[in-house]
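Peer 1: So here's target_30.pdb, just PDB, C-alpha atoms:
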```
ATOM      1  CA  MET A   1      80.102  64.119   8.260
ATOM      2  CA  ASN A   2      83.698  63.092   8.974
ATOM      3  CA  ILE A   3      85.982  60.660   7.151
ATOM      4  CA  LEU A   4      88.520  58.086   8.353
ATOM      5  CA  LEU A   5      91.144  57.220   5.733
ATOM      6  CA  LEU A   6      92.953  53.883   5.871
ATOM      7  CA  PRO A   7      95.638  53.455   3.202
ATOM      8  CA  GLY A   8      97.172  50.375   1.664
ATOM      9  CA  ASN A   9     100.077  48.372   3.057
ATOM     10  CA  SER A  10     102.982  50.063   1.261
ATOM     11  CA  PRO A  11     104.619  53.204   2.676
ATOM     12  CA  ARG A  12     104.202  54.648  -0.836
ATOM     13  CA  ASN A  13     100.531  55.001   0.056
ATOM     14  CA  GLU A  14     101.223  57.782   2.564
ATOM     15  CA  GLU A  15     101.617  60.493  -0.058
ATOM     16  CA  TRP A  16      98.646  59.125  -2.012
ATOM     17  CA  ILE A  17      96.315  59.064   1.017
ATOM     18  CA  GLU A  18      97.314  62.665   1.790
ATOM     19  CA  GLU A  19      96.317  63.579  -1.766
ATOM     20  CA  VAL A  20      92.980  61.790  -1.352
ATOM     21  CA  SER A  21      92.366  63.575   1.951
ATOM     22  CA  GLU A  22      93.126  66.933   0.346
ATOM     23  CA  LYS A  23      90.818  66.170  -2.588
ATOM     24  CA  LEU A  24      88.013  65.342  -0.143
ATOM     25  CA  ARG A  25      88.669  68.425   1.990
ATOM     26  CA  ASP A  26      85.413  70.183   1.054
ATOM     27  CA  GLU A  27      83.245  67.077   1.255
ATOM     28  CA  PHE A  28      83.944  66.106   4.876
ATOM     29  CA  GLN A  29      84.362  68.185   8.033
ATOM     30  CA  GLN A  30      87.143  66.271   9.769
ATOM     31  CA  HIS A  31      89.692  63.886   8.283
ATOM     32  CA  LYS A  32      91.641  61.272  10.191
ATOM     33  CA  ILE A  33      94.409  59.237   8.535
ATOM     34  CA  LEU A  34      95.896  56.166  10.184
ATOM     35  CA  ARG A  35      99.602  55.856   9.360
ATOM     36  CA  TYR A  36     100.746  52.314   9.986
ATOM     37  CA  ASN A  37     103.526  51.448  12.421
ATOM     38  CA  HIS A  38     105.319  49.178   9.944
ATOM     39  CA  TRP A  39     105.937  52.209   7.699
ATOM     40  CA  LEU A  40     108.489  53.353  10.284
ATOM     41  CA  ASP A  41     110.077  49.948  10.856
ATOM     42  CA  ASP A  42     112.196  48.609   8.005
ATOM     43  CA  SER A  43     112.160  45.122   9.527
ATOM     44  CA  GLN A  44     108.396  44.771   8.933
ATOM     45  CA  LYS A  45     107.129  44.447   5.364
ATOM     46  CA  PHE A  46     103.477  43.947   6.096
ATOM     47  CA  ILE A  47     100.808  45.501   8.235
ATOM     48  CA  ASN A  48     100.275  43.954  11.656
ATOM     49  CA  MET A  49      96.480  43.840  11.812
ATOM     50  CA  GLN A  50      96.214  43.265  15.562
ATOM     51  CA  GLN A  51      98.595  46.118  16.333
ATOM     52  CA  GLU A  52      96.756  48.466  13.969
ATOM     53  CA  LEU A  53      93.354  47.430  15.359
ATOM     54  CA  HIS A  54      94.593  48.456  18.802
ATOM     55  CA  ARG A  55      95.923  51.763  17.475
ATOM     56  CA  LEU A  56      92.686  52.348  15.582
ATOM     57  CA  ASP A  57      90.655  51.729  18.730
ATOM     58  CA  GLU A  58      92.675  54.432  20.520
ATOM     59  CA  ALA A  59      92.507  56.831  17.557
ATOM     60  CA  MET A  60      88.728  56.730  17.307
ATOM     61  CA  ASN A  61      88.096  58.439  20.641
ATOM     62  CA  GLU A  62      85.914  61.496  20.109
ATOM     63  CA  PHE A  63      85.513  60.828  16.378
ATOM     64  CA  SER A  64      81.914  60.223  15.420
ATOM     65  CA  GLY A  65      79.524  60.577  12.527
ATOM     66  CA  TYR A  66      82.045  59.253  10.017
ATOM     67  CA  GLY A  67      82.498  57.158   6.943
ATOM     68  CA  VAL A  68      85.564  55.131   6.023
ATOM     69  CA  PHE A  69      87.664  55.424   2.876
ATOM     70  CA  ALA A  70      90.032  52.457   2.671
ATOM     71  CA  LYS A  71      92.418  51.067   0.092
ATOM     72  CA  SER A  72      93.756  47.539  -0.222
ATOM     73  CA  ALA A  73      95.024  46.372   3.202
ATOM     74  CA  GLY A  74      92.970  49.187   4.713
ATOM     75  CA  THR A  75      89.812  47.433   3.529
ATOM     76  CA  ILE A  76      90.787  44.343   5.503
ATOM     77  CA  LEU A  77      91.598  46.432   8.588
ATOM     78  CA  THR A  78      88.233  48.183   8.263
ATOM     79  CA  LEU A  79      86.299  44.927   8.029
ATOM     80  CA  LEU A  80      88.132  43.485  11.033
ATOM     81  CA  ALA A  81      87.527  46.667  13.031
ATOM     82  CA  ILE A  82      83.802  46.628  12.211
ATOM     83  CA  LYS A  83      83.595  42.956  13.159
ATOM     84  CA  GLU A  84      85.284  43.708  16.501
ATOM     85  CA  SER A  85      83.079  46.799  17.101
ATOM     86  CA  ILE A  86      86.060  49.152  16.977
ATOM     87  CA  LEU A  87      84.551  51.018  14.050
ATOM     88  CA  ASP A  88      80.923  51.973  13.528
ATOM     89  CA  PRO A  89      80.927  53.916  10.253
ATOM     90  CA  LYS A  90      77.880  55.229   8.412
ATOM     91  CA  PHE A  91      79.322  53.958   5.113
ATOM     92  CA  CYS A  92      82.523  52.615   3.560
ATOM     93  CA  VAL A  93      84.307  53.261   0.277
ATOM     94  CA  PHE A  94      86.694  50.432  -0.571
ATOM     95  CA  VAL A  95      89.284  51.012  -3.286
ATOM     96  CA  GLY A  96      91.384  48.141  -4.624
ATOM     97  CA  SER A  97      90.028  45.545  -2.212
ATOM     98  CA  ALA A  98      92.840  43.092  -1.558
ATOM     99  CA  VAL A  99      91.051  39.758  -1.462
ATOM    100  CA  GLY A 100      94.194  37.679  -2.046
ATOM    101  CA  PHE A 101      96.195  39.628   0.541
ATOM    102  CA  ALA A 102      93.453  38.967   3.107
ATOM    103  CA  SER A 103      93.813  35.256   2.431
ATOM    104  CA  ARG A 104      97.607  35.428   2.820
ATOM    105  CA  LEU A 105      97.060  37.078   6.220
ATOM    106  CA  GLY A 106      94.710  34.272   7.240
ATOM    107  CA  TYR A 107      91.370  36.038   6.711
ATOM    108  CA  SER A 108      88.517  35.284   4.371
ATOM    109  CA  PHE A 109      87.403  38.493   2.670
ATOM    110  CA  GLY A 110      84.050  36.890   1.906
ATOM    111  CA  GLU A 111      83.544  35.934   5.551
ATOM    112  CA  LEU A 112      84.508  39.428   6.707
ATOM    113  CA  ILE A 113      82.063  41.200   4.398
ATOM    114  CA  SER A 114      79.248  38.755   5.131
ATOM    115  CA  HIS A 115      78.560  40.552   8.433
ATOM    116  CA  ILE A 116      78.334  44.064   6.978
ATOM    117  CA  SER A 117      74.993  45.826   6.734
ATOM    118  CA  ILE A 118      76.135  49.402   6.073
ATOM    119  CA  PRO A 119      76.382  50.803   2.534
ATOM    120  CA  ILE A 120      79.695  50.051   0.814
ATOM    121  CA  LEU A 121      80.976  51.378  -2.481
ATOM    122  CA  PHE A 122      83.554  49.061  -4.050
ATOM    123  CA  ILE A 123      85.830  50.819  -6.549
ATOM    124  CA  GLN A 124      87.988  48.283  -8.360
ATOM    125  CA  LYS A 125      90.055  48.191 -11.530
ATOM    126  CA  THR A 126      88.972  45.782 -14.236
ATOM    127  CA  ASN A 127      92.105  43.661 -13.853
ATOM    128  CA  ASP A 128      93.517  44.753 -10.484
ATOM    129  CA  PRO A 129      96.053  42.062  -9.511
ATOM    130  CA  ALA A 130      94.742  42.209  -5.921
ATOM    131  CA  CYS A 131      91.343  41.120  -7.264
ATOM    132  CA  ALA A 132      89.745  41.741 -10.638
ATOM    133  CA  PHE A 133      86.528  43.778 -10.668
ATOM    134  CA  LEU A 134      84.231  40.918 -11.750
ATOM    135  CA  ASP A 135      85.764  38.511  -9.241
ATOM    136  CA  LEU A 136      85.207  41.022  -6.441
ATOM    137  CA  LYS A 137      81.654  41.791  -7.579
ATOM    138  CA  ASN A 138      80.798  38.078  -7.727
ATOM    139  CA  LEU A 139      82.322  37.484  -4.274
ATOM    140  CA  VAL A 140      80.434  40.383  -2.698
ATOM    141  CA  GLU A 141      77.161  39.438  -4.366
ATOM    142  CA  SER A 142      77.572  35.825  -3.225
ATOM    143  CA  GLN A 143      77.603  37.106   0.373
ATOM    144  CA  GLY A 144      74.208  38.761  -0.072
ATOM    145  CA  LEU A 145      75.234  42.319   0.718
ATOM    146  CA  GLU A 146      72.174  44.400  -0.025
ATOM    147  CA  ASN A 147      73.863  47.773   0.383
ATOM    148  CA  ALA A 148      76.804  47.189  -1.964
ATOM    149  CA  GLN A 149      77.466  49.401  -4.956
ATOM    150  CA  PHE A 150      80.202  48.949  -7.533
ATOM    151  CA  ALA A 151      82.312  51.212  -9.711
ATOM    152  CA  GLU A 152      84.628  49.625 -12.267
ATOM    153  CA  VAL A 153      87.762  51.523 -13.233
ATOM    154  CA  ALA A 154      89.737  50.607 -16.343
ATOM    155  CA  GLY A 155      93.219  49.285 -15.642
ATOM    156  CA  ASN A 156      95.379  46.321 -14.784
ATOM    157  CA  ASP A 157      97.411  47.574 -11.831
ATOM    158  CA  HIS A 158      96.791  48.306  -8.139
ATOM    159  CA  HIS A 159      97.529  52.039  -8.256
ATOM    160  CA  TYR A 160      94.507  54.330  -8.155
ATOM    161  CA  GLY A 161      96.100  57.545  -9.327
ATOM    162  CA  ASP A 162      92.964  59.255 -10.651
ATOM    163  CA  VAL A 163      92.134  60.884  -7.334
ATOM    164  CA  GLU A 164      89.686  63.295  -8.956
ATOM    165  CA  GLY A 165      87.819  60.317 -10.426
ATOM    166  CA  LEU A 166      87.689  58.746  -6.962
ATOM    167  CA  ARG A 167      86.325  61.995  -5.530
ATOM    168  CA  LEU A 168      83.547  62.049  -8.117
ATOM    169  CA  GLU A 169      82.554  58.435  -7.373
ATOM    170  CA  ILE A 170      82.584  59.140  -3.629
ATOM    171  CA  ASN A 171      80.433  62.256  -4.083
ATOM    172  CA  ARG A 172      77.850  60.292  -6.075
ATOM    173  CA  PHE A 173      77.779  57.578  -3.422
ATOM    174  CA  VAL A 174      77.732  59.844  -0.362
ATOM    175  CA  SER A 175      75.016  62.081  -1.813
ATOM    176  CA  ILE A 176      72.442  59.422  -0.862
ATOM    177  CA  PHE A 177      73.097  59.950   2.874
TER     178      PHE A 177
END
```
Take the structure in this file and express it as structure tokens.

Peer 2:
Amino acid sequence: MNILLLPGNSPRNEEWIEEVSEKLRDEFQQHKILRYNHWLDDSQKFINMQQELHRLDEAMNEFSGYGVFAKSAGTILTLLAIKESILDPKFCVFVGSAVGFASRLGYSFGELISHISIPILFIQKTNDPACAFLDLKNLVESQGLENAQFAEVAGNDHHYGDVEGLRLEINRFVSIF
């Protein structure tokens, strides 16, 4: 199986997503990381979802049999890409789902996940400022997702620095496929 990695909004996520990819090296055959255009343009602070959806559509040529690992803004991009049939993953792992950020961009996270039928593992910190674990769990459960699993991580920030811990959670989740 292959893995597509979609980082968070901030350019600081580039080094982190490389570390995640390296940590998952033995678990997945091929790795593909999408580096966002706004990381190279100082005039843009935030991800341009439509632009990245287009780039993602082009990047997915000849990439099949994959799951998605996404953090923060990457979770929103993933959900939009699934909705628009750009992505067709076997599973998703969402870390630090950015429910409030989705709303600021004009999307309803609840509406986006309501159409998902593939297995999703949500890894969220107890008091992540992007969305607290219990708030996310309640939102997802209210949408009736039958294939959702949850892993709560202690903490009150949006940085998921325990990459080895993430790897272990992903291995547990992916072992069912």

Peer 1: Which residues come within 10 Å of segment 6-15 of chain A, counting only C-alpha atoms, excluding same-chain residues fewer than 2 positions away, as a short mmCIF file (atom, residue, chain, number, x, y, z; two decimals) with C-alpha atoms, in the coordinates of the input?

Peer 2:
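Saved result, selection.cif, follows:
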```cif
data_model
loop_
_atom_site.label_atom_id
_atom_site.label_comp_id
_atom_site.auth_asym_id
_atom_site.auth_seq_id
_atom_site.Cartn_x
_atom_site.Cartn_y
_atom_site.Cartn_z
CA ILE A 3 85.98 60.66 7.15
CA LEU A 4 88.52 58.09 8.35
CA ILE A 17 96.32 59.06 1.02
CA GLU A 18 97.31 62.66 1.79
CA GLU A 19 96.32 63.58 -1.77
CA VAL A 20 92.98 61.79 -1.35
CA SER A 21 92.37 63.58 1.95
CA LYS A 32 91.64 61.27 10.19
CA ILE A 33 94.41 59.24 8.54
CA LEU A 34 95.90 56.17 10.18
CA ARG A 35 99.60 55.86 9.36
CA TYR A 36 100.75 52.31 9.99
CA ASN A 37 103.53 51.45 12.42
CA HIS A 38 105.32 49.18 9.94
CA TRP A 39 105.94 52.21 7.70
CA LEU A 40 108.49 53.35 10.28
CA LYS A 45 107.13 44.45 5.36
CA PHE A 46 103.48 43.95 6.10
CA ILE A 47 100.81 45.50 8.24
CA ASN A 48 100.28 43.95 11.66
CA LEU A 56 92.69 52.35 15.58
CA VAL A 68 85.56 55.13 6.02
CA PHE A 69 87.66 55.42 2.88
CA ALA A 70 90.03 52.46 2.67
CA LYS A 71 92.42 51.07 0.09
CA SER A 72 93.76 47.54 -0.22
CA ALA A 73 95.02 46.37 3.20
CA GLY A 74 92.97 49.19 4.71
CA THR A 75 89.81 47.43 3.53
CA ILE A 76 90.79 44.34 5.50
CA LEU A 77 91.60 46.43 8.59
CA THR A 78 88.23 48.18 8.26
CA PHE A 94 86.69 50.43 -0.57
CA VAL A 95 89.28 51.01 -3.29
CA GLY A 96 91.38 48.14 -4.62
CA SER A 97 90.03 45.54 -2.21
CA ALA A 98 92.84 43.09 -1.56
CA PHE A 101 96.20 39.63 0.54
CA HIS A 159 97.53 52.04 -8.26
#
```

Peer 1: The PyMOL selection byres ((chain A and resi 119) around 12) - which residues does that actually catch in the file I just gave you? List them as a compact mmCIF listing (two decimals) with C-alpha atoms, in the frame of the given file.

Peer 2:
```
# COMPACT_ATOMS: atom_id res chain seq x y z
CA GLY A 67 82.50 57.16 6.94
CA VAL A 68 85.56 55.13 6.02
CA ASP A 88 80.92 51.97 13.53
CA PRO A 89 80.93 53.92 10.25
CA LYS A 90 77.88 55.23 8.41
CA PHE A 91 79.32 53.96 5.11
CA CYS A 92 82.52 52.62 3.56
CA VAL A 93 84.31 53.26 0.28
CA PHE A 94 86.69 50.43 -0.57
CA ILE A 113 82.06 41.20 4.40
CA ILE A 116 78.33 44.06 6.98
CA SER A 117 74.99 45.83 6.73
CA ILE A 118 76.14 49.40 6.07
CA ILE A 120 79.69 50.05 0.81
CA LEU A 121 80.98 51.38 -2.48
CA PHE A 122 83.55 49.06 -4.05
CA LEU A 145 75.23 42.32 0.72
CA GLU A 146 72.17 44.40 -0.02
CA ASN A 147 73.86 47.77 0.38
CA ALA A 148 76.80 47.19 -1.96
CA GLN A 149 77.47 49.40 -4.96
CA PHE A 150 80.20 48.95 -7.53
CA PHE A 173 77.78 57.58 -3.42
CA VAL A 174 77.73 59.84 -0.36
CA ILE A 176 72.44 59.42 -0.86
CA PHE A 177 73.10 59.95 2.87
```

Peer 1: Between atom CA of Asp26 of chain A and atom CA of Ile170 of chain A, what is the distance, to one decimal in Å?

Peer 2: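 That distance, rounded to one decimal, is 12.3 Å.
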
Peer 1: Select, from A:Arg55, A:Met49, A:Arg172, A:Ser114, the residue with the minimum atom-to-atom distance to Ser142 of chain A, counting only C-alpha atoms.

Peer 2: A:Ser114

Peer 1: In Å to one decimal, how far is atom CA of Asp162 of chain A from atom CA of Leu53 of chain A?

Peer 2: 28.6 Å

Peer 1: One decimal, in Å: what's the spacing between atom CA of Gln44 of chain A and atom CA of Ser103 of chain A?

Peer 2: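 Separation of atom CA of Gln44 of chain A and atom CA of Ser103 of chain A: 18.6 Å.
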
Peer 1: Expanded to explicit residues, what is the PyMOL selection byres ((chain A and resi 1) around 7) for this file, as number ranges by chain?

Peer 2: A: 2-3, 28-29, 65-66

Peer 1: May I ask which of the residues A:Ile123, A:Leu168, A:Leu112, A:Leu79 is the closest one to Lys137 of chain A, counting all atoms listed in the file?

Peer 2: A:Ile123

Peer 1: Asp128 of chain A: which residues within 6 Å, counting only C-alpha atoms, same-chain residues fewer than 6 positions away excluded, as a PDB file with C-alpha atoms, keeping the file's coordinate frame?

Peer 2:
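Final output, saved to around-v7.pdb:
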```
ATOM      1  CA  ASN A 156      95.379  46.321 -14.784  1.00  0.00           C
ATOM      2  CA  ASP A 157      97.411  47.574 -11.831  1.00  0.00           C
ATOM      3  CA  HIS A 158      96.791  48.306  -8.139  1.00  0.00           C
TER       4      HIS A 158
END
```

Peer 1: Compile the contact shell of Gly100 of chain A as a list in words: residues with an atom at most 9 Å away, counting all atoms listed in the file, same-chain residues fewer than 3 positions apart removed.

Peer 2: Ser97, Ser103, Arg104, Leu105, Ser108, Phe109, Pro129, Ala130 and Cys131 of chain A

Peer 1: Measuring between all atoms listed in the file, which one of A:Ala59, A:Leu24, A:Leu139, A:Leu134 shows the shortest distance to Glu164 of chain A?

Peer 2: A:Leu24

Peer 1: Which neighbours of Val153 of chain A fall inside 6 Å, counting all atoms listed in the file, when residues of the same chain fewer than 2 positions from it are skipped, and could you give them as an NGL selection string?

Peer 2: :A and (124-126)

Peer 1: Please determine, counting all atoms listed in the file, which residue among A:Glu141, A:Glu111, A:Glu152, A:Asp41 has the shortest atom-to-atom distance to Asn127 of chain A.

Peer 2: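 For Asn127 of chain A, the nearest of the given residues is A:Glu152.
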
Peer 1: Around segment 44-56 of chain A, fit a box with edges along x, y and z, padding it by 5 Å on each side, then list its centre and edge lengths in Å to one decimal as AutoDock Vina command-line options.

Peer 2:
```
--center_x 100.5 --center_y 47.8 --center_z 12.1 --size_x 25.7 --size_y 19.1 --size_z 23.4
```

Peer 1: Of the candidates A:Glu62, A:His31, A:Lys23, A:Ala81, which shows the shortest atom-to-atom distance to Gln50 of chain A, using all atoms listed in the file?

Peer 2: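 Going through A:Glu62, A:His31, A:Lys23, A:Ala81 one by one, the smallest distance to Gln50 of chain A is for A:Ala81.
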
Peer 1: Keeping N, CA, C and O atoms, write segment 91-117 of chain A of the structure just shown out as a compact mmCIF listing (two decimals), in the first residue's frame.

Peer 2:
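Just written: part-v7.txt:
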```txt
# COMPACT_ATOMS: atom_id res chain seq x y z
N PHE A 91 -8.18 4.48 3.01
CA PHE A 91 -8.39 4.91 4.39
C PHE A 91 -7.79 6.30 4.54
O PHE A 91 -7.02 6.76 3.69
N CYS A 92 -8.12 6.96 5.65
CA CYS A 92 -7.51 8.25 5.99
C CYS A 92 -7.10 8.24 7.46
O CYS A 92 -7.77 7.64 8.29
N VAL A 93 -6.00 8.93 7.74
CA VAL A 93 -5.59 9.23 9.11
C VAL A 93 -5.55 10.75 9.19
O VAL A 93 -4.79 11.40 8.46
N PHE A 94 -6.39 11.31 10.04
CA PHE A 94 -6.46 12.75 10.21
C PHE A 94 -5.88 13.13 11.57
O PHE A 94 -6.35 12.66 12.61
N VAL A 95 -4.90 14.01 11.54
CA VAL A 95 -4.21 14.46 12.75
C VAL A 95 -4.50 15.95 12.92
O VAL A 95 -4.27 16.74 12.00
N GLY A 96 -4.98 16.33 14.09
CA GLY A 96 -5.23 17.75 14.36
C GLY A 96 -6.24 18.35 13.40
O GLY A 96 -5.99 19.40 12.81
N SER A 97 -7.37 17.69 13.25
CA SER A 97 -8.41 18.18 12.33
C SER A 97 -8.77 19.63 12.68
O SER A 97 -9.05 19.93 13.84
N ALA A 98 -8.75 20.47 11.68
CA ALA A 98 -8.92 21.91 11.88
C ALA A 98 -10.36 22.33 11.57
O ALA A 98 -10.63 22.95 10.54
N VAL A 99 -11.25 22.03 12.46
CA VAL A 99 -12.67 22.30 12.26
C VAL A 99 -12.94 23.80 12.14
O VAL A 99 -13.64 24.25 11.24
N GLY A 100 -12.35 24.59 13.03
CA GLY A 100 -12.54 26.04 12.98
C GLY A 100 -11.94 26.67 11.74
O GLY A 100 -12.53 27.59 11.16
N PHE A 101 -10.78 26.20 11.32
CA PHE A 101 -10.13 26.71 10.11
C PHE A 101 -11.00 26.42 8.89
O PHE A 101 -11.13 27.27 8.01
N ALA A 102 -11.61 25.24 8.85
CA ALA A 102 -12.52 24.92 7.74
C ALA A 102 -13.63 25.95 7.66
O ALA A 102 -13.94 26.45 6.58
N SER A 103 -14.20 26.28 8.81
CA SER A 103 -15.28 27.26 8.85
C SER A 103 -14.80 28.63 8.36
O SER A 103 -15.50 29.30 7.60
N ARG A 104 -13.60 29.04 8.78
CA ARG A 104 -13.06 30.32 8.32
C ARG A 104 -12.84 30.35 6.81
O ARG A 104 -12.89 31.40 6.19
N LEU A 105 -12.60 29.18 6.22
CA LEU A 105 -12.42 29.09 4.76
C LEU A 105 -13.75 28.93 4.02
O LEU A 105 -13.78 28.88 2.80
N GLY A 106 -14.84 28.85 4.79
CA GLY A 106 -16.16 28.75 4.17
C GLY A 106 -16.68 27.34 4.00
O GLY A 106 -17.64 27.12 3.25
N TYR A 107 -16.08 26.38 4.68
CA TYR A 107 -16.52 24.98 4.59
C TYR A 107 -17.04 24.52 5.95
O TYR A 107 -16.57 24.96 6.98
N SER A 108 -17.96 23.59 5.89
CA SER A 108 -18.45 22.94 7.10
C SER A 108 -17.77 21.59 7.22
O SER A 108 -17.98 20.71 6.37
N PHE A 109 -16.95 21.42 8.24
CA PHE A 109 -16.24 20.16 8.44
C PHE A 109 -17.25 19.01 8.58
O PHE A 109 -17.07 17.94 8.00
N GLY A 110 -18.30 19.26 9.32
CA GLY A 110 -19.34 18.25 9.50
C GLY A 110 -19.97 17.84 8.18
O GLY A 110 -20.19 16.65 7.91
N GLU A 111 -20.28 18.80 7.34
CA GLU A 111 -20.85 18.51 6.02
C GLU A 111 -19.85 17.73 5.17
O GLU A 111 -20.22 16.77 4.49
N LEU A 112 -18.59 18.10 5.22
CA LEU A 112 -17.58 17.40 4.41
C LEU A 112 -17.41 15.95 4.84
O LEU A 112 -17.28 15.07 3.99
N ILE A 113 -17.42 15.68 6.13
CA ILE A 113 -17.22 14.29 6.57
C ILE A 113 -18.49 13.46 6.44
O ILE A 113 -18.42 12.23 6.46
N SER A 114 -19.63 14.11 6.29
CA SER A 114 -20.89 13.36 6.24
C SER A 114 -20.98 12.45 5.01
O SER A 114 -21.78 11.53 4.99
N HIS A 115 -20.16 12.70 4.01
CA HIS A 115 -20.20 11.92 2.76
C HIS A 115 -19.15 10.81 2.73
O HIS A 115 -19.03 10.12 1.72
N ILE A 116 -18.41 10.64 3.79
CA ILE A 116 -17.27 9.71 3.78
C ILE A 116 -17.73 8.33 4.27
O ILE A 116 -18.37 8.21 5.31
N SER A 117 -17.34 7.31 3.51
CA SER A 117 -17.67 5.95 3.92
C SER A 117 -16.42 5.10 4.18
O SER A 117 -16.55 3.98 4.68
```
